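A.B. asks: Structure: entry_30.cif, mmCIF, C-alpha atoms and all ligand atoms.
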```cif
data_protein
#
loop_
_atom_site.label_atom_id
_atom_site.label_comp_id
_atom_site.auth_asym_id
_atom_site.auth_seq_id
_atom_site.Cartn_x
_atom_site.Cartn_y
_atom_site.Cartn_z
CA VAL F 1269 -204.75 -61.24 -89.83
CA PRO F 1270 -202.19 -61.21 -87.00
CA ASP F 1271 -202.94 -58.31 -84.66
CA SER F 1272 -199.35 -57.06 -84.76
CA ARG F 1273 -199.61 -56.55 -88.52
CA VAL F 1274 -202.91 -54.76 -88.22
CA GLU F 1275 -201.54 -52.59 -85.43
CA SER F 1276 -198.57 -51.52 -87.50
CA LEU F 1277 -200.93 -50.59 -90.36
CA ILE F 1278 -202.98 -48.49 -87.94
CA GLU F 1279 -199.86 -46.73 -86.65
CA LYS F 1280 -198.75 -45.99 -90.18
CA ALA F 1281 -202.20 -44.62 -91.02
CA LEU F 1282 -202.16 -42.27 -88.05
CA ALA F 1283 -198.64 -41.08 -88.88
CA GLU F 1284 -199.64 -40.37 -92.49
CA ALA F 1285 -202.99 -38.78 -91.70
CA TRP F 1286 -203.87 -35.74 -93.83
CA LEU F 1287 -206.67 -33.23 -94.06
CA PRO F 1288 -208.08 -31.97 -97.36
CA THR F 1289 -208.71 -28.49 -95.95
CA ARG F 1290 -205.26 -28.13 -94.37
CA ASP F 1291 -202.92 -29.99 -96.70
CA LEU F 1292 -204.10 -29.00 -100.17
CA ASP F 1293 -203.89 -25.66 -101.93
CA TRP F 1294 -207.48 -25.03 -102.93
CA SER F 1295 -206.72 -21.55 -104.24
CA ALA F 1296 -204.85 -23.07 -107.20
CA GLU F 1297 -206.18 -22.22 -110.64
CA VAL F 1298 -207.27 -25.40 -112.43
CA SER F 1299 -206.95 -25.77 -116.18
CA LEU F 1300 -209.89 -27.76 -117.52
CA ASP F 1301 -207.89 -28.65 -120.64
CA SER F 1302 -205.62 -30.83 -118.57
CA LEU F 1303 -208.61 -32.75 -117.19
CA ARG F 1304 -210.14 -34.01 -120.41
CA THR F 1305 -209.99 -37.78 -120.87
CA PRO F 1306 -207.28 -38.36 -123.50
CA GLU F 1307 -208.66 -39.36 -126.89
CA ALA F 1308 -206.85 -42.72 -126.64
CA LEU F 1309 -208.69 -43.56 -123.40
CA CYS F 1310 -212.04 -42.14 -124.41
CA SER F 1311 -214.82 -44.76 -124.40
CA VAL F 1312 -216.28 -43.67 -127.73
CA SER F 1313 -213.20 -42.64 -129.72
CA ASP F 1314 -214.10 -45.28 -132.33
CA VAL F 1315 -217.77 -44.36 -132.58
CA PRO F 1316 -218.47 -42.64 -135.94
CA ALA F 1317 -221.07 -40.25 -134.49
CA TYR F 1318 -218.50 -39.08 -131.95
CA ARG F 1319 -215.84 -38.61 -134.59
CA LYS F 1320 -218.24 -36.42 -136.53
CA MET F 1321 -218.72 -34.04 -133.61
CA SER F 1322 -216.84 -30.72 -133.73
CA ALA F 1323 -213.48 -30.53 -131.96
CA ARG F 1324 -215.06 -28.27 -129.38
CA ALA F 1325 -217.94 -30.63 -128.70
CA ARG F 1326 -215.52 -33.54 -128.36
CA ASP F 1327 -213.40 -31.53 -125.90
CA GLU F 1328 -216.48 -30.79 -123.86
CA TYR F 1329 -217.49 -34.46 -123.98
CA ARG F 1330 -214.09 -35.68 -122.78
CA LEU F 1331 -214.18 -33.39 -119.77
CA LYS F 1332 -217.53 -34.95 -118.91
CA GLU F 1333 -216.02 -38.44 -119.06
CA THR F 1334 -213.54 -37.38 -116.38
CA ALA F 1335 -216.36 -35.91 -114.30
CA TRP F 1336 -218.34 -39.14 -114.72
CA ALA F 1337 -215.42 -41.29 -113.50
CA LEU F 1338 -214.83 -39.01 -110.51
CA SER F 1339 -218.54 -38.89 -109.66
CA ASN F 1340 -218.71 -42.68 -109.53
CA LEU F 1341 -215.53 -42.85 -107.49
CA ILE F 1342 -216.94 -40.38 -104.98
CA PHE F 1343 -220.06 -42.48 -104.63
CA GLY F 1344 -217.94 -45.63 -104.16
CA GLU F 1345 -215.80 -43.97 -101.47
CA LYS F 1346 -218.90 -42.80 -99.66
CA ARG F 1347 -220.77 -46.08 -99.72
CA GLY F 1348 -217.57 -48.06 -99.14
CA ALA F 1349 -217.03 -46.11 -95.92
CA LEU F 1350 -220.58 -46.81 -94.84
CA LEU F 1351 -220.26 -50.50 -95.62
CA SER F 1352 -217.07 -50.78 -93.55
CA ALA F 1353 -218.76 -49.02 -90.66
CA GLN F 1354 -221.53 -51.61 -90.86
CA VAL F 1355 -219.03 -54.44 -90.84
CA ILE F 1356 -217.49 -53.09 -87.62
CA VAL F 1357 -220.87 -53.31 -85.91
CA ASP F 1358 -221.90 -56.67 -87.40
CA SER F 1359 -218.60 -58.42 -86.65
CA ILE F 1360 -217.99 -57.03 -83.18
CA ASP F 1361 -218.18 -60.45 -81.50
CA GLU F 1362 -216.22 -62.30 -84.17
CA GLN F 1363 -213.28 -60.06 -85.01
CA SER F 1364 -210.43 -58.77 -82.87
CA ALA F 1365 -210.29 -55.26 -81.47
CA ALA F 1366 -207.43 -54.51 -83.84
CA ASP F 1367 -209.61 -55.38 -86.86
CA ALA F 1368 -212.38 -53.11 -85.63
CA GLN F 1369 -209.86 -50.35 -85.04
CA PHE F 1370 -208.35 -50.73 -88.49
CA LEU F 1371 -211.77 -50.57 -90.11
CA GLY F 1372 -212.52 -47.49 -88.01
CA VAL F 1373 -209.43 -45.77 -89.40
CA LEU F 1374 -210.40 -46.91 -92.89
CA VAL F 1375 -213.83 -45.31 -92.54
CA VAL F 1376 -212.21 -41.99 -91.59
CA GLU F 1377 -209.80 -42.22 -94.52
CA GLU F 1378 -212.52 -42.99 -97.07
CA ALA F 1379 -214.42 -40.00 -95.69
CA ARG F 1380 -211.37 -37.79 -96.41
CA HIS F 1381 -211.17 -39.22 -99.89
CA PHE F 1382 -214.72 -38.36 -100.81
CA GLU F 1383 -214.47 -35.00 -99.10
CA ALA F 1384 -211.42 -34.06 -101.19
CA LEU F 1385 -212.77 -35.45 -104.47
CA GLU F 1386 -216.23 -34.01 -103.96
CA ARG F 1387 -214.82 -30.56 -103.29
CA TYR F 1388 -212.53 -30.83 -106.30
CA VAL F 1389 -215.32 -31.84 -108.67
CA GLY F 1390 -217.75 -29.31 -107.21
CA GLU F 1391 -215.39 -26.32 -107.12
CA LYS F 1392 -213.04 -26.93 -110.01
CA ILE F 1393 -214.83 -29.01 -112.64
CA ARG F 1394 -218.40 -28.07 -111.70
CA ILE F 1395 -219.91 -31.04 -113.53
CA THR F 1396 -221.29 -33.86 -111.42
CA TYR F 1397 -223.27 -36.96 -112.26
CA PRO F 1398 -225.47 -39.21 -110.20
CA PRO F 1399 -223.79 -42.61 -109.79
CA HIS F 1400 -224.55 -45.39 -112.26
CA SER F 1401 -227.79 -47.13 -111.31
CA ALA F 1402 -226.02 -50.51 -111.18
CA MET F 1403 -223.70 -49.13 -108.47
CA VAL F 1404 -226.63 -47.78 -106.49
CA GLU F 1405 -228.42 -51.15 -106.68
CA LEU F 1406 -225.28 -53.03 -105.73
CA PHE F 1407 -224.62 -51.03 -102.58
CA ARG F 1408 -228.27 -51.17 -101.60
CA GLY F 1409 -228.15 -54.98 -101.81
CA LEU F 1410 -224.88 -55.22 -99.95
CA GLN F 1411 -226.03 -52.96 -97.18
CA THR F 1412 -228.92 -55.25 -96.31
CA HIS F 1413 -226.94 -58.47 -96.78
CA ARG F 1414 -227.05 -60.65 -93.67
CA LEU F 1415 -223.43 -61.88 -93.91
CA TRP F 1416 -220.84 -59.29 -92.92
CA GLN F 1417 -218.15 -61.61 -94.27
CA LEU F 1418 -219.46 -61.21 -97.80
CA LYS F 1419 -219.65 -57.44 -97.41
CA LEU F 1420 -216.03 -57.40 -96.37
CA ILE F 1421 -214.97 -59.81 -99.13
CA VAL F 1422 -216.62 -57.77 -101.88
CA GLY F 1423 -215.33 -54.54 -100.37
CA GLN F 1424 -211.77 -55.72 -100.04
CA ILE F 1425 -211.22 -57.93 -103.07
CA LEU F 1426 -213.28 -55.95 -105.52
CA PHE F 1427 -214.05 -52.35 -104.59
CA GLU F 1428 -210.70 -51.39 -103.14
CA PRO F 1429 -208.60 -52.76 -106.02
CA THR F 1430 -211.04 -51.44 -108.66
CA ALA F 1431 -211.07 -47.97 -107.12
CA CYS F 1432 -207.28 -48.09 -106.95
CA SER F 1433 -206.90 -48.97 -110.60
CA MET F 1434 -209.37 -46.24 -111.57
CA LEU F 1435 -207.43 -43.72 -109.45
CA HIS F 1436 -204.17 -44.95 -110.80
CA SER F 1437 -205.21 -44.43 -114.38
CA LEU F 1438 -206.41 -40.92 -113.48
CA LEU F 1439 -203.09 -40.27 -111.77
CA VAL F 1440 -200.84 -41.33 -114.62
CA ARG F 1441 -202.68 -39.19 -117.13
CA SER F 1442 -203.35 -36.26 -114.84
CA GLU F 1443 -201.36 -33.17 -115.65
CA GLU F 1444 -203.44 -31.12 -113.29
CA PRO F 1445 -201.34 -30.54 -110.14
CA LEU F 1446 -204.15 -30.30 -107.55
CA LEU F 1447 -205.91 -33.46 -108.73
CA PHE F 1448 -202.55 -35.20 -108.93
CA GLU F 1449 -201.83 -34.28 -105.32
CA ILE F 1450 -205.27 -35.44 -104.12
CA ILE F 1451 -204.94 -38.78 -105.87
CA ARG F 1452 -201.37 -39.26 -104.70
CA ARG F 1453 -202.50 -38.87 -101.09
CA ILE F 1454 -205.52 -41.12 -101.59
CA LEU F 1455 -203.40 -43.86 -103.14
CA ARG F 1456 -201.00 -43.76 -100.21
CA ASP F 1457 -203.95 -44.57 -97.93
CA GLU F 1458 -205.28 -47.16 -100.35
CA ALA F 1459 -201.95 -49.01 -100.33
CA ARG F 1460 -202.56 -49.71 -96.63
CA HIS F 1461 -206.15 -50.76 -97.31
CA LEU F 1462 -204.90 -53.19 -99.95
CA ALA F 1463 -202.28 -54.62 -97.60
CA TYR F 1464 -205.06 -55.34 -95.11
CA SER F 1465 -207.41 -56.63 -97.82
CA TYR F 1466 -204.97 -59.16 -99.05
CA ASP F 1467 -204.74 -60.86 -95.66
CA VAL F 1468 -208.30 -60.53 -94.50
CA ALA F 1469 -209.88 -61.62 -97.79
CA GLY F 1470 -207.90 -64.84 -97.85
CA ASP F 1471 -208.90 -65.64 -94.33
CA LEU F 1472 -212.57 -64.93 -95.01
CA VAL F 1473 -213.05 -66.67 -98.36
CA ARG F 1474 -211.53 -69.88 -97.03
CA ARG F 1475 -214.28 -69.94 -94.44
CA VAL F 1476 -217.13 -69.61 -96.96
CA ARG F 1477 -218.68 -73.08 -97.29
CA GLY F 1478 -221.71 -74.97 -98.58
CA SER F 1479 -224.68 -72.96 -99.80
CA GLU F 1480 -222.90 -69.75 -98.83
CA LYS F 1481 -220.37 -70.51 -101.53
CA THR F 1482 -222.96 -70.23 -104.32
CA GLU F 1483 -224.27 -67.08 -102.72
CA ALA F 1484 -220.76 -65.62 -102.57
CA GLU F 1485 -220.13 -66.50 -106.22
CA ASP F 1486 -223.33 -64.80 -107.34
CA LEU F 1487 -222.63 -61.73 -105.26
CA ILE F 1488 -219.07 -61.43 -106.53
CA PHE F 1489 -220.29 -61.78 -110.12
CA GLU F 1490 -223.02 -59.15 -109.68
CA SER F 1491 -220.47 -56.88 -108.05
CA VAL F 1492 -218.03 -57.24 -110.94
CA VAL F 1493 -220.80 -56.34 -113.40
CA SER F 1494 -221.78 -53.26 -111.39
CA CYS F 1495 -218.21 -52.09 -110.88
CA LEU F 1496 -217.56 -52.28 -114.59
CA ALA F 1497 -220.83 -50.56 -115.40
CA ALA F 1498 -219.35 -47.49 -113.72
CA PHE F 1499 -216.81 -47.46 -116.55
CA LEU F 1500 -219.62 -46.88 -119.05
CA PRO F 1501 -220.26 -43.11 -119.12
CA GLU F 1502 -223.95 -43.20 -119.91
CA GLY F 1503 -224.66 -39.68 -118.66
CA PRO F 1504 -222.18 -38.02 -121.02
CA TRP F 1505 -223.34 -40.27 -123.91
CA SER F 1506 -226.92 -39.20 -123.58
CA GLU F 1507 -225.99 -35.50 -123.22
CA ALA F 1508 -224.00 -35.75 -126.45
CA GLN F 1509 -227.03 -37.53 -127.99
CA LEU F 1510 -224.95 -40.58 -128.84
CA ASP F 1511 -226.72 -43.91 -129.22
CA ALA F 1512 -226.36 -45.80 -125.93
CA GLY F 1513 -226.27 -49.28 -127.53
CA VAL F 1514 -223.54 -48.33 -130.00
CA CYS F 1515 -221.53 -46.58 -127.29
CA ARG F 1516 -221.87 -49.45 -124.85
CA LYS F 1517 -220.53 -51.88 -127.42
CA ALA F 1518 -217.59 -49.58 -128.26
CA ALA F 1519 -216.86 -48.95 -124.59
CA VAL F 1520 -216.84 -52.66 -123.68
CA GLU F 1521 -214.51 -53.34 -126.63
CA ALA F 1522 -212.25 -50.51 -125.46
CA LEU F 1523 -212.17 -51.98 -121.94
CA ALA F 1524 -211.18 -55.33 -123.40
CA LYS F 1525 -208.51 -53.73 -125.58
CA ARG F 1526 -206.99 -51.90 -122.61
CA GLY F 1527 -206.88 -55.09 -120.51
CA VAL F 1528 -209.44 -53.88 -117.97
CA LEU F 1529 -211.85 -56.76 -118.65
CA GLN F 1530 -209.04 -59.29 -118.46
CA HIS F 1531 -208.32 -58.25 -114.92
CA PHE F 1532 -211.78 -59.50 -114.01
CA THR F 1533 -212.00 -62.49 -116.34
CA SER F 1534 -208.65 -64.00 -115.49
CA ALA F 1535 -206.74 -62.25 -112.69
CA LEU F 1536 -209.62 -62.08 -110.23
CA PRO F 1537 -210.64 -65.79 -110.32
CA THR F 1538 -206.97 -66.77 -110.11
CA GLN F 1539 -206.44 -64.50 -107.14
CA LEU F 1540 -209.50 -65.95 -105.41
CA ALA F 1541 -208.28 -69.48 -106.03
CA ARG F 1542 -204.95 -68.56 -104.50
CA HIS F 1543 -206.83 -67.29 -101.47
CA GLY F 1544 -208.44 -70.73 -101.07
CA PHE F 1545 -211.63 -69.96 -102.99
CA PRO F 1546 -211.34 -71.93 -106.21
CA SER F 1547 -214.53 -71.63 -108.24
CA GLU F 1548 -214.99 -72.93 -111.75
CA ARG F 1549 -218.56 -71.71 -111.65
CA LEU F 1550 -217.50 -68.12 -110.95
CA ARG F 1551 -214.79 -68.33 -113.58
CA ASP F 1552 -217.40 -69.53 -116.10
CA LEU F 1553 -219.87 -66.82 -115.14
CA ILE F 1554 -217.27 -64.10 -115.54
CA GLU F 1555 -215.83 -65.53 -118.73
CA HIS F 1556 -219.11 -66.15 -120.52
CA ASP F 1557 -221.62 -63.73 -119.08
CA LEU F 1558 -219.69 -60.62 -118.10
CA ALA F 1559 -219.46 -58.97 -121.52
CA LYS F 1560 -223.05 -60.00 -122.31
CA LYS F 1561 -224.30 -58.43 -119.11
CA LEU F 1562 -222.38 -55.23 -119.76
CA LEU F 1563 -223.82 -55.04 -123.25
CA GLY F 1564 -227.26 -55.36 -121.73
CA GLU F 1565 -228.06 -58.76 -123.28
CA GLY F 1566 -230.20 -60.93 -121.05
CA GLY F 1567 -230.72 -58.63 -118.08
CA ALA F 1568 -229.61 -55.13 -118.90
CA VAL F 1569 -227.18 -53.23 -116.75
CA ALA F 1570 -228.56 -49.86 -117.66
FE FE F 1601 -210.70 -44.57 -100.73
FE FE F 1602 -209.90 -47.77 -99.49
#
```
Any chance you could put this one into structure tokens?
Ligand SMILES: [Fe+2]
Ligand SMILES: [Fe+2]

C.D. replies:
Amino acid sequence: VPDSRVESLIEKALAEAWLPTRDLDWSAEVSLDSLRTPEALCSVSDVPAYRKMSARARDEYRLKETAWALSNLIFGEKRGALLSAQVIVDSIDEQSAADAQFLGVLVVEEARHFEALERYVGEKIRITYPPHSAMVELFRGLQTHRLWQLKLIVGQILFEPTACSMLHSLLVRSEEPLLFEIIRRILRDEARHLAYSYDVAGDLVRRVRGSEKTEAEDLIFESVVSCLAAFLPEGPWSEAQLDAGVCRKAAVEALAKRGVLQHFTSALPTQLARHGFPSERLRDLIEHDLAKKLLGEGGAVA
């Protein structure tokens, strides 16, 4: 990435800097009704056992789906920040000072994001979940990975855009003013992260060669599976005593119906190819094995 571009992104970030404690009105009364996942977006709206639950139990369940999504986002922001901090250290001799500085700003911004979201969930919703085990495993593996390039690739081409689309869908349906304001500010930061991602990812994936290519393909595939697993609200399912297998199947179908799966099966491989990383093998893996993996067939996600 040309340093001048990176420098202008850094300047913009500093000019737009915000603080959760200073810039948000935490005294605001929050209506839980406006936070429930809409029935049309609910992962189990087609599951008969869910439909048989009382209206009140379903309301309670749909608030938990929102809390589940936010809990996983918070975890992603936290570990994403940590991963970027690691990349700064690992790449110190190979990247420019501007890149290190941009990543430094990014770490601070992700820290603000999880601070704001964590406080919101803790104070206003008061329901939190541990992150999906697949996410925990994924970050653990990435953290110890010897190639910083792959950490950065997965972070920038997968985590950032996935987090953004999750936040975006929360934003468009959010009628709750405080959450809306938090997400609006986060997405303004994320737009800069994505601008950086787009350049840096292309530059990095073109340089992945030989045996590292297979390794990158496997890692990207595993990362896609884990990211999507966070869309399967297993905690709320089990609290509502819904059958996990039935729910998983319904949830994966719902993701396909809403076009979320297609982003990964078709848009992502195409985007990688455009970046100079054409991979029929990865395309095949995603096309044929993604849904199977999510359903827990042949190597369960859960
Ligand atoms: Fe973030
Ligand atoms: Fe980000």

A.B. asks: Please identify every residue of chain F that has at least one atom no farther than 7 Å from an atom of ligand FE 1601 (chain F), counting all atoms listed in the file, and for each give the shortest atom pair and the distance in Å to one decimal, arranged by chain then increasing number, as a tab-separated table.

C.D. replies:
```
residue	atom	partner	partner_atom	distance
F:Glu1345	CA	F:FE1601	FE	5.2
F:Glu1377	CA	F:FE1601	FE	6.7
F:Glu1378	CA	F:FE1601	FE	4.4
F:His1381	CA	F:FE1601	FE	5.4
F:Ile1454	CA	F:FE1601	FE	6.3
F:Glu1458	CA	F:FE1601	FE	6.0
```

A.B. asks: If I take atom CA of Arg1460 of chain F and atom CA of Ala1349 of chain F, how far is one from the other in Å, to one decimal?

C.D. replies: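 So the two atoms, atom CA of Arg1460 of chain F and atom CA of Ala1349 of chain F, lie 14.9 Å apart.
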
A.B. asks: Write out as a PyMOL selection string which residues come within 8 Å of segment 1409-1416 of chain F when counting only C-alpha atoms, dropping same-chain ones fewer than 4 positions away.

C.D. replies: chain F and resi 1351+1354-1355+1358-1359+1405+1420

A.B. asks: Show me which residues are within 12 Å of ligand FE 1602 (chain F) counting only C-alpha atoms and all ligand atoms, and format the list as a VMD selection string.

C.D. replies: chain F and resid 1281 1341 to 1342 1344 to 1352 1370 to 1382 1420 1423 to 1433 1435 1453 to 1465

A.B. asks: Distance atom CA of Pro1399 of chain F-atom CA of Gly1503 of chain F, one decimal place?

C.D. replies: 9.4 Å
